[in-house]
Amino acid sequence: MKKTVVIYGSSTGTCEAIAGKIGAALGAEVINVQDMTASTIAANDNLILGTSTWGAGEVQDDWYDGIKVLKSADLSGKTIALFGCGDCESYSDTFVGGIGEIYDAVKDSGAHIIGQVPTDGYTFDDSTAVVDGQFVGLPLDDVNEDNKTDDRINAWVARISPTL
């Protein structure tokens, strides 16, 4: 496997814990987006990017600077996979919108984006993270569907691992 890093933004610790599980499953370093630099990006072939979703479908606060770093970096030839946390009951109209924001920031960068997930099995009304009928990354609701989190992570990691 090429060099992989899991980068997360988390306010309450949920996304951090999920990043830790993904990192452990992939044998990858896990860092907070606050610690991401252009050097971090350059040193890794694969970027696994995760955020919790806040407000009206926005990225976690630390990702605002993180997106600037991503946009200024050379992502061509990199492989990127996205994951995100959301609340499908209280925020069903903006479910995991944060990963939609990160996707928008990297989709035209020359990176290869992997890890799309079908919307089947998810309950939500709308999401900017759905493109062409699929989530652009792994959506997780560890509040209302915590009993599905580990299985969803394991299935997703198994699917993306051969590409990394």
# chains A, B, ... in the order shown; residues from 1 in each chain; ligands from 1
$ closest_atom_pairs --of "range 76-114 of chain A" --to "range 134-141 of chain A" --cutoff "9 Å" --atoms "only C-alpha atoms" --output "Markdown table"
| residue | atom | partner | partner_atom | distance |
| --- | --- | --- | --- | --- |
| A:Ala81 | CA | A:Gly137 | CA | 6.4 |
| A:Leu82 | CA | A:Gly137 | CA | 4.5 |
| A:Phe83 | CA | A:Leu138 | CA | 4.3 |
| A:Gly84 | CA | A:Pro139 | CA | 5.2 |
| A:Cys85 | CA | A:Leu140 | CA | 4.8 |
| A:Gly86 | CA | A:Asp141 | CA | 5.1 |
| A:Asp87 | CA | A:Asp141 | CA | 5.4 |
| A:Cys88 | CA | A:Asp141 | CA | 6.6 |
| A:Phe95 | CA | A:Pro139 | CA | 8.4 |
| A:Val96 | CA | A:Pro139 | CA | 6.3 |
| A:Ile99 | CA | A:Gly137 | CA | 7.1 |
| A:Gly100 | CA | A:Val136 | CA | 7.0 |
| A:Tyr103 | CA | A:Val136 | CA | 7.0 |
| A:Ile113 | CA | A:Val136 | CA | 8.3 |
| A:Ile114 | CA | A:Gly137 | CA | 7.6 |
$ residues_around --residues "Thr12 in chain A" --least-positions-apart "3" --cutoff "12 Å" --atoms "only C-alpha atoms" --output "MDAnalysis selection string"
chainID A and resid 8:9 15:18 51:54 60:61 85 142:143
$ write_last_selection --atoms "N, CA, C and O atoms" --output "CSV table (one decimal), in the first residue's frame"
chain,number,residue,atom,x,y,z
A,8,TYR,N,-8.8,14.3,9.9
A,8,TYR,CA,-10.1,14.6,10.3
A,8,TYR,C,-10.3,16.0,11.0
A,8,TYR,O,-9.3,16.5,11.4
A,9,GLY,N,-11.5,16.4,11.0
A,9,GLY,CA,-11.9,17.6,11.8
A,9,GLY,C,-13.0,17.2,12.7
A,9,GLY,O,-14.0,16.6,12.3
A,15,CYS,N,-16.0,12.3,15.2
A,15,CYS,CA,-15.3,12.1,13.9
A,15,CYS,C,-13.8,11.7,14.2
A,15,CYS,O,-13.3,10.9,13.5
A,16,GLU,N,-13.3,12.2,15.3
A,16,GLU,CA,-11.9,11.7,15.7
A,16,GLU,C,-11.9,10.2,16.0
A,16,GLU,O,-10.9,9.5,15.5
A,17,ALA,N,-12.8,9.7,16.7
A,17,ALA,CA,-12.9,8.3,17.0
A,17,ALA,C,-13.1,7.5,15.7
A,17,ALA,O,-12.4,6.4,15.6
A,18,ILE,N,-13.9,8.0,14.8
A,18,ILE,CA,-14.1,7.3,13.6
A,18,ILE,C,-12.9,7.3,12.7
A,18,ILE,O,-12.5,6.3,12.1
A,51,THR,N,-14.9,14.7,8.1
A,51,THR,CA,-15.4,15.9,8.8
A,51,THR,C,-16.7,15.6,9.4
A,51,THR,O,-17.5,14.8,8.9
A,52,SER,N,-17.0,16.2,10.5
A,52,SER,CA,-18.4,16.2,11.0
A,52,SER,C,-19.1,17.3,10.3
A,52,SER,O,-18.5,18.2,9.7
A,53,THR,N,-20.4,17.3,10.3
A,53,THR,CA,-21.2,18.3,9.6
A,53,THR,C,-21.9,19.2,10.7
A,53,THR,O,-22.5,18.7,11.7
A,54,TRP,N,-21.9,20.5,10.5
A,54,TRP,CA,-22.5,21.4,11.4
A,54,TRP,C,-23.4,22.4,10.7
A,54,TRP,O,-23.3,22.6,9.5
A,60,GLN,N,-16.7,21.0,9.6
A,60,GLN,CA,-16.3,21.3,11.0
A,60,GLN,C,-15.4,22.5,10.9
A,60,GLN,O,-14.6,22.7,9.9
A,61,ASP,N,-15.4,23.4,11.9
A,61,ASP,CA,-14.7,24.7,11.8
A,61,ASP,C,-13.2,24.6,11.3
A,61,ASP,O,-12.8,25.5,10.6
A,85,CYS,N,-19.5,12.6,9.4
A,85,CYS,CA,-20.5,12.3,10.4
A,85,CYS,C,-21.6,13.3,10.2
A,85,CYS,O,-21.4,14.5,9.9
A,142,ASP,N,-23.4,8.4,13.9
A,142,ASP,CA,-23.0,7.7,15.1
A,142,ASP,C,-23.9,8.1,16.3
A,142,ASP,O,-23.7,7.6,17.4
A,143,VAL,N,-24.9,8.9,16.0
A,143,VAL,CA,-25.9,9.3,17.1
A,143,VAL,C,-27.1,8.4,17.0
A,143,VAL,O,-27.5,7.8,18.0
$ closest_atom_pairs --of "range 61-160 of chain A" --to "range 20-36 of chain A" --cutoff "12 Å" --atoms "only C-alpha atoms" --output "JSON lines"
{"residue": "A:Asp61", "atom": "CA", "partner": "A:Gln34", "partner_atom": "CA", "distance": 9.9}
{"residue": "A:Asp62", "atom": "CA", "partner": "A:Gln34", "partner_atom": "CA", "distance": 6.2}
{"residue": "A:Trp63", "atom": "CA", "partner": "A:Val33", "partner_atom": "CA", "distance": 6.5}
{"residue": "A:Tyr64", "atom": "CA", "partner": "A:Val33", "partner_atom": "CA", "distance": 9.6}
{"residue": "A:Asp65", "atom": "CA", "partner": "A:Gln34", "partner_atom": "CA", "distance": 7.9}
{"residue": "A:Gly66", "atom": "CA", "partner": "A:Val33", "partner_atom": "CA", "distance": 6.0}
{"residue": "A:Ile67", "atom": "CA", "partner": "A:Val33", "partner_atom": "CA", "distance": 9.3}
{"residue": "A:Lys68", "atom": "CA", "partner": "A:Met36", "partner_atom": "CA", "distance": 10.7}
{"residue": "A:Val69", "atom": "CA", "partner": "A:Met36", "partner_atom": "CA", "distance": 7.7}
{"residue": "A:Leu70", "atom": "CA", "partner": "A:Met36", "partner_atom": "CA", "distance": 9.1}
{"residue": "A:Ala73", "atom": "CA", "partner": "A:Met36", "partner_atom": "CA", "distance": 11.1}
{"residue": "A:Ala81", "atom": "CA", "partner": "A:Ile22", "partner_atom": "CA", "distance": 11.2}
{"residue": "A:Leu82", "atom": "CA", "partner": "A:Ile22", "partner_atom": "CA", "distance": 11.1}
{"residue": "A:Phe83", "atom": "CA", "partner": "A:Ile22", "partner_atom": "CA", "distance": 9.6}
{"residue": "A:Gly84", "atom": "CA", "partner": "A:Ile22", "partner_atom": "CA", "distance": 11.7}
{"residue": "A:Leu138", "atom": "CA", "partner": "A:Ile22", "partner_atom": "CA", "distance": 10.9}
{"residue": "A:Thr149", "atom": "CA", "partner": "A:Lys21", "partner_atom": "CA", "distance": 10.3}
{"residue": "A:Asp150", "atom": "CA", "partner": "A:Lys21", "partner_atom": "CA", "distance": 8.5}
{"residue": "A:Asp151", "atom": "CA", "partner": "A:Lys21", "partner_atom": "CA", "distance": 11.4}
{"residue": "A:Arg152", "atom": "CA", "partner": "A:Ile22", "partner_atom": "CA", "distance": 10.7}
{"residue": "A:Ile153", "atom": "CA", "partner": "A:Ile22", "partner_atom": "CA", "distance": 6.9}
{"residue": "A:Asn154", "atom": "CA", "partner": "A:Ala25", "partner_atom": "CA", "distance": 7.8}
{"residue": "A:Ala155", "atom": "CA", "partner": "A:Ala25", "partner_atom": "CA", "distance": 10.9}
{"residue": "A:Trp156", "atom": "CA", "partner": "A:Ile22", "partner_atom": "CA", "distance": 9.3}
{"residue": "A:Val157", "atom": "CA", "partner": "A:Ile22", "partner_atom": "CA", "distance": 7.1}
{"residue": "A:Ala158", "atom": "CA", "partner": "A:Ala25", "partner_atom": "CA", "distance": 8.9}
{"residue": "A:Arg159", "atom": "CA", "partner": "A:Leu26", "partner_atom": "CA", "distance": 11.4}
{"residue": "A:Ile160", "atom": "CA", "partner": "A:Leu26", "partner_atom": "CA", "distance": 9.6}
$ write_last_selection --atoms "N, CA and C atoms" --output "mmCIF file, in the first residue's frame"
data_model
loop_
_atom_site.group_PDB
_atom_site.id
_atom_site.type_symbol
_atom_site.label_atom_id
_atom_site.label_comp_id
_atom_site.auth_asym_id
_atom_site.auth_seq_id
_atom_site.Cartn_x
_atom_site.Cartn_y
_atom_site.Cartn_z
ATOM 1 N N ASP A 61 -15.387 23.390 11.860
ATOM 2 C CA ASP A 61 -14.690 24.682 11.796
ATOM 3 C C ASP A 61 -13.230 24.615 11.341
ATOM 4 N N ASP A 62 -12.480 23.631 11.817
ATOM 5 C CA ASP A 62 -11.065 23.555 11.472
ATOM 6 C C ASP A 62 -10.839 23.270 9.986
ATOM 7 N N TRP A 63 -11.864 22.752 9.319
ATOM 8 C CA TRP A 63 -11.733 22.439 7.903
ATOM 9 C C TRP A 63 -11.719 23.680 7.017
ATOM 10 N N TYR A 64 -12.183 24.829 7.516
ATOM 11 C CA TYR A 64 -12.155 26.031 6.667
ATOM 12 C C TYR A 64 -10.718 26.360 6.260
ATOM 13 N N ASP A 65 -9.796 26.300 7.203
ATOM 14 C CA ASP A 65 -8.380 26.478 6.871
ATOM 15 C C ASP A 65 -7.846 25.263 6.126
ATOM 16 N N GLY A 66 -8.325 24.079 6.484
ATOM 17 C CA GLY A 66 -7.893 22.855 5.811
ATOM 18 C C GLY A 66 -8.232 22.856 4.327
ATOM 19 N N ILE A 67 -9.393 23.371 3.988
ATOM 20 C CA ILE A 67 -9.780 23.447 2.575
ATOM 21 C C ILE A 67 -8.853 24.394 1.824
ATOM 22 N N LYS A 68 -8.447 25.474 2.463
ATOM 23 C CA LYS A 68 -7.488 26.387 1.827
ATOM 24 C C LYS A 68 -6.172 25.668 1.541
ATOM 25 N N VAL A 69 -5.716 24.857 2.489
ATOM 26 C CA VAL A 69 -4.480 24.095 2.295
ATOM 27 C C VAL A 69 -4.649 23.117 1.132
ATOM 28 N N LEU A 70 -5.781 22.411 1.097
ATOM 29 C CA LEU A 70 -6.033 21.464 0.010
ATOM 30 C C LEU A 70 -6.029 22.164 -1.346
ATOM 31 N N ALA A 73 -2.584 23.035 -2.620
ATOM 32 C CA ALA A 73 -1.649 21.920 -2.800
ATOM 33 C C ALA A 73 -1.830 21.271 -4.173
ATOM 34 N N ALA A 81 -10.244 9.679 -0.510
ATOM 35 C CA ALA A 81 -11.509 9.097 -0.076
ATOM 36 C C ALA A 81 -12.048 9.978 1.047
ATOM 37 N N LEU A 82 -13.357 10.108 1.107
ATOM 38 C CA LEU A 82 -13.999 11.001 2.071
ATOM 39 C C LEU A 82 -14.906 10.224 3.014
ATOM 40 N N PHE A 83 -15.006 10.704 4.240
ATOM 41 C CA PHE A 83 -15.984 10.167 5.189
ATOM 42 C C PHE A 83 -16.494 11.313 6.033
ATOM 43 N N GLY A 84 -17.683 11.145 6.565
ATOM 44 C CA GLY A 84 -18.229 12.220 7.368
ATOM 45 C C GLY A 84 -19.307 11.766 8.320
ATOM 46 N N LEU A 138 -18.088 8.031 2.614
ATOM 47 C CA LEU A 138 -18.782 7.230 3.625
ATOM 48 C C LEU A 138 -19.548 8.114 4.593
ATOM 49 N N THR A 149 -22.405 1.744 12.526
ATOM 50 C CA THR A 149 -21.147 2.430 12.240
ATOM 51 C C THR A 149 -20.002 1.470 11.934
ATOM 52 N N ASP A 150 -19.738 0.513 12.800
ATOM 53 C CA ASP A 150 -18.593 -0.380 12.599
ATOM 54 C C ASP A 150 -18.732 -1.196 11.327
ATOM 55 N N ASP A 151 -19.931 -1.717 11.052
ATOM 56 C CA ASP A 151 -20.133 -2.498 9.827
ATOM 57 C C ASP A 151 -19.929 -1.633 8.592
ATOM 58 N N ARG A 152 -20.415 -0.399 8.635
ATOM 59 C CA ARG A 152 -20.248 0.503 7.490
ATOM 60 C C ARG A 152 -18.777 0.852 7.275
ATOM 61 N N ILE A 153 -18.067 1.105 8.364
ATOM 62 C CA ILE A 153 -16.630 1.394 8.252
ATOM 63 C C ILE A 153 -15.891 0.197 7.663
ATOM 64 N N ASN A 154 -16.154 -0.988 8.203
ATOM 65 C CA ASN A 154 -15.448 -2.190 7.751
ATOM 66 C C ASN A 154 -15.712 -2.480 6.280
ATOM 67 N N ALA A 155 -16.954 -2.347 5.841
ATOM 68 C CA ALA A 155 -17.297 -2.597 4.437
ATOM 69 C C ALA A 155 -16.620 -1.573 3.528
ATOM 70 N N TRP A 156 -16.610 -0.320 3.953
ATOM 71 C CA TRP A 156 -16.013 0.751 3.153
ATOM 72 C C TRP A 156 -14.498 0.580 3.050
ATOM 73 N N VAL A 157 -13.861 0.305 4.173
ATOM 74 C CA VAL A 157 -12.408 0.109 4.174
ATOM 75 C C VAL A 157 -12.046 -1.083 3.288
ATOM 76 N N ALA A 158 -12.816 -2.157 3.361
ATOM 77 C CA ALA A 158 -12.548 -3.331 2.523
ATOM 78 C C ALA A 158 -12.676 -2.972 1.041
ATOM 79 N N ARG A 159 -13.595 -2.087 0.718
ATOM 80 C CA ARG A 159 -13.806 -1.702 -0.674
ATOM 81 C C ARG A 159 -12.714 -0.767 -1.196
ATOM 82 N N ILE A 160 -12.236 0.162 -0.352
ATOM 83 C CA ILE A 160 -11.239 1.128 -0.849
ATOM 84 C C ILE A 160 -9.802 0.615 -0.742
#
$ atom_distance --atom1 "CA of Ala111 in chain A" --atom2 "CA of Lys78 in chain A"
4.8 Å
$ select_by_dssp --residues "range 29-140 of chain A" --states "strand (DSSP E or B)" --output "PyMOL selection string"
chain A and resi 29-32+46-54+58-59+79-85+112-114+117-118+130-131+134-135+138-140
$ select_by_dssp --residues "chain A" --states "alpha helix (DSSP H)" --output "PyMOL selection string"
chain A and resi 14-26+38-43+63-72+97-106+146-160
$ residues_around --residues "Thr128 in chain A" --least-positions-apart "2" --cutoff "8 Å" --atoms "only C-alpha atoms" --output "JSON, numbers by chain"
{"A": [57, 94, 95, 96, 97, 100, 101, 126, 130, 131]}
$ write_last_selection --atoms "all heavy atoms" --output "PDB file, in the first residue's frame"
ATOM      1  N   GLY A  57     -25.252  22.145   7.038  1.00  0.00           N
ATOM      2  CA  GLY A  57     -24.496  21.249   6.169  1.00  0.00           C
ATOM      3  C   GLY A  57     -23.070  21.685   5.920  1.00  0.00           C
ATOM      4  O   GLY A  57     -22.516  21.450   4.855  1.00  0.00           O
ATOM      5  N   THR A  94     -29.710  18.245   5.448  1.00  0.00           N
ATOM      6  CA  THR A  94     -28.305  18.614   5.187  1.00  0.00           C
ATOM      7  C   THR A  94     -27.365  17.483   5.629  1.00  0.00           C
ATOM      8  O   THR A  94     -26.209  17.731   5.957  1.00  0.00           O
ATOM      9  CB  THR A  94     -27.928  19.909   5.935  1.00  0.00           C
ATOM     10  OG1 THR A  94     -28.127  19.704   7.350  1.00  0.00           O
ATOM     11  CG2 THR A  94     -28.750  21.091   5.454  1.00  0.00           C
ATOM     12  N   PHE A  95     -27.870  16.268   5.614  1.00  0.00           N
ATOM     13  CA  PHE A  95     -27.125  15.118   6.129  1.00  0.00           C
ATOM     14  C   PHE A  95     -25.736  15.025   5.492  1.00  0.00           C
ATOM     15  O   PHE A  95     -25.592  15.047   4.280  1.00  0.00           O
ATOM     16  CB  PHE A  95     -27.917  13.831   5.888  1.00  0.00           C
ATOM     17  CG  PHE A  95     -27.275  12.588   6.414  1.00  0.00           C
ATOM     18  CD1 PHE A  95     -26.919  12.482   7.752  1.00  0.00           C
ATOM     19  CD2 PHE A  95     -27.037  11.517   5.586  1.00  0.00           C
ATOM     20  CE1 PHE A  95     -26.331  11.337   8.257  1.00  0.00           C
ATOM     21  CE2 PHE A  95     -26.445  10.354   6.072  1.00  0.00           C
ATOM     22  CZ  PHE A  95     -26.091  10.264   7.409  1.00  0.00           C
ATOM     23  N   VAL A  96     -24.717  14.925   6.294  1.00  0.00           N
ATOM     24  CA  VAL A  96     -23.302  14.840   5.940  1.00  0.00           C
ATOM     25  C   VAL A  96     -22.879  15.829   4.846  1.00  0.00           C
ATOM     26  O   VAL A  96     -21.997  15.547   4.032  1.00  0.00           O
ATOM     27  CB  VAL A  96     -22.837  13.394   5.599  1.00  0.00           C
ATOM     28  CG1 VAL A  96     -22.953  12.494   6.819  1.00  0.00           C
ATOM     29  CG2 VAL A  96     -23.576  12.809   4.412  1.00  0.00           C
ATOM     30  N   GLY A  97     -23.479  17.001   4.868  1.00  0.00           N
ATOM     31  CA  GLY A  97     -23.131  18.031   3.887  1.00  0.00           C
ATOM     32  C   GLY A  97     -21.676  18.450   3.951  1.00  0.00           C
ATOM     33  O   GLY A  97     -21.123  18.931   2.964  1.00  0.00           O
ATOM     34  N   GLY A 100     -19.677  16.909   1.381  1.00  0.00           N
ATOM     35  CA  GLY A 100     -19.974  17.534   0.092  1.00  0.00           C
ATOM     36  C   GLY A 100     -19.111  18.761  -0.139  1.00  0.00           C
ATOM     37  O   GLY A 100     -18.641  19.012  -1.257  1.00  0.00           O
ATOM     38  N   GLU A 101     -18.855  19.529   0.927  1.00  0.00           N
ATOM     39  CA  GLU A 101     -17.990  20.709   0.812  1.00  0.00           C
ATOM     40  C   GLU A 101     -16.551  20.321   0.494  1.00  0.00           C
ATOM     41  O   GLU A 101     -15.900  20.958  -0.343  1.00  0.00           O
ATOM     42  CB  GLU A 101     -18.015  21.535   2.104  1.00  0.00           C
ATOM     43  CG  GLU A 101     -19.228  22.434   2.228  1.00  0.00           C
ATOM     44  CD  GLU A 101     -19.041  23.487   3.309  1.00  0.00           C
ATOM     45  OE1 GLU A 101     -17.940  24.078   3.410  1.00  0.00           O
ATOM     46  OE2 GLU A 101     -20.003  23.700   4.053  1.00  0.00           O
ATOM     47  N   ASP A 126     -32.177  15.163   2.147  1.00  0.00           N
ATOM     48  CA  ASP A 126     -31.346  15.797   1.138  1.00  0.00           C
ATOM     49  C   ASP A 126     -29.905  15.866   1.641  1.00  0.00           C
ATOM     50  O   ASP A 126     -29.661  15.851   2.845  1.00  0.00           O
ATOM     51  CB  ASP A 126     -31.856  17.211   0.836  1.00  0.00           C
ATOM     52  CG  ASP A 126     -31.286  17.780  -0.455  1.00  0.00           C
ATOM     53  OD1 ASP A 126     -30.809  17.001  -1.303  1.00  0.00           O
ATOM     54  OD2 ASP A 126     -31.323  19.012  -0.615  1.00  0.00           O
ATOM     55  N   VAL A 130     -24.474  13.982  -2.002  1.00  0.00           N
ATOM     56  CA  VAL A 130     -24.960  13.009  -2.974  1.00  0.00           C
ATOM     57  C   VAL A 130     -24.746  13.575  -4.375  1.00  0.00           C
ATOM     58  O   VAL A 130     -25.232  14.651  -4.704  1.00  0.00           O
ATOM     59  CB  VAL A 130     -26.450  12.666  -2.749  1.00  0.00           C
ATOM     60  CG1 VAL A 130     -26.967  11.756  -3.862  1.00  0.00           C
ATOM     61  CG2 VAL A 130     -26.651  12.006  -1.388  1.00  0.00           C
ATOM     62  N   VAL A 131     -23.975  12.837  -5.157  1.00  0.00           N
ATOM     63  CA  VAL A 131     -23.699  13.200  -6.553  1.00  0.00           C
ATOM     64  C   VAL A 131     -23.980  11.971  -7.402  1.00  0.00           C
ATOM     65  O   VAL A 131     -23.497  10.876  -7.095  1.00  0.00           O
ATOM     66  CB  VAL A 131     -22.237  13.673  -6.727  1.00  0.00           C
ATOM     67  CG1 VAL A 131     -21.923  13.920  -8.189  1.00  0.00           C
ATOM     68  CG2 VAL A 131     -21.973  14.923  -5.897  1.00  0.00           C
TER      69      VAL A 131
END
$ residues_around --residues "Asp125 in chain A" --least-positions-apart "2" --cutoff "10 Å" --atoms "only C-alpha atoms" --output "ChimeraX atom specification"
/A:88-89,91-95,122-123,127
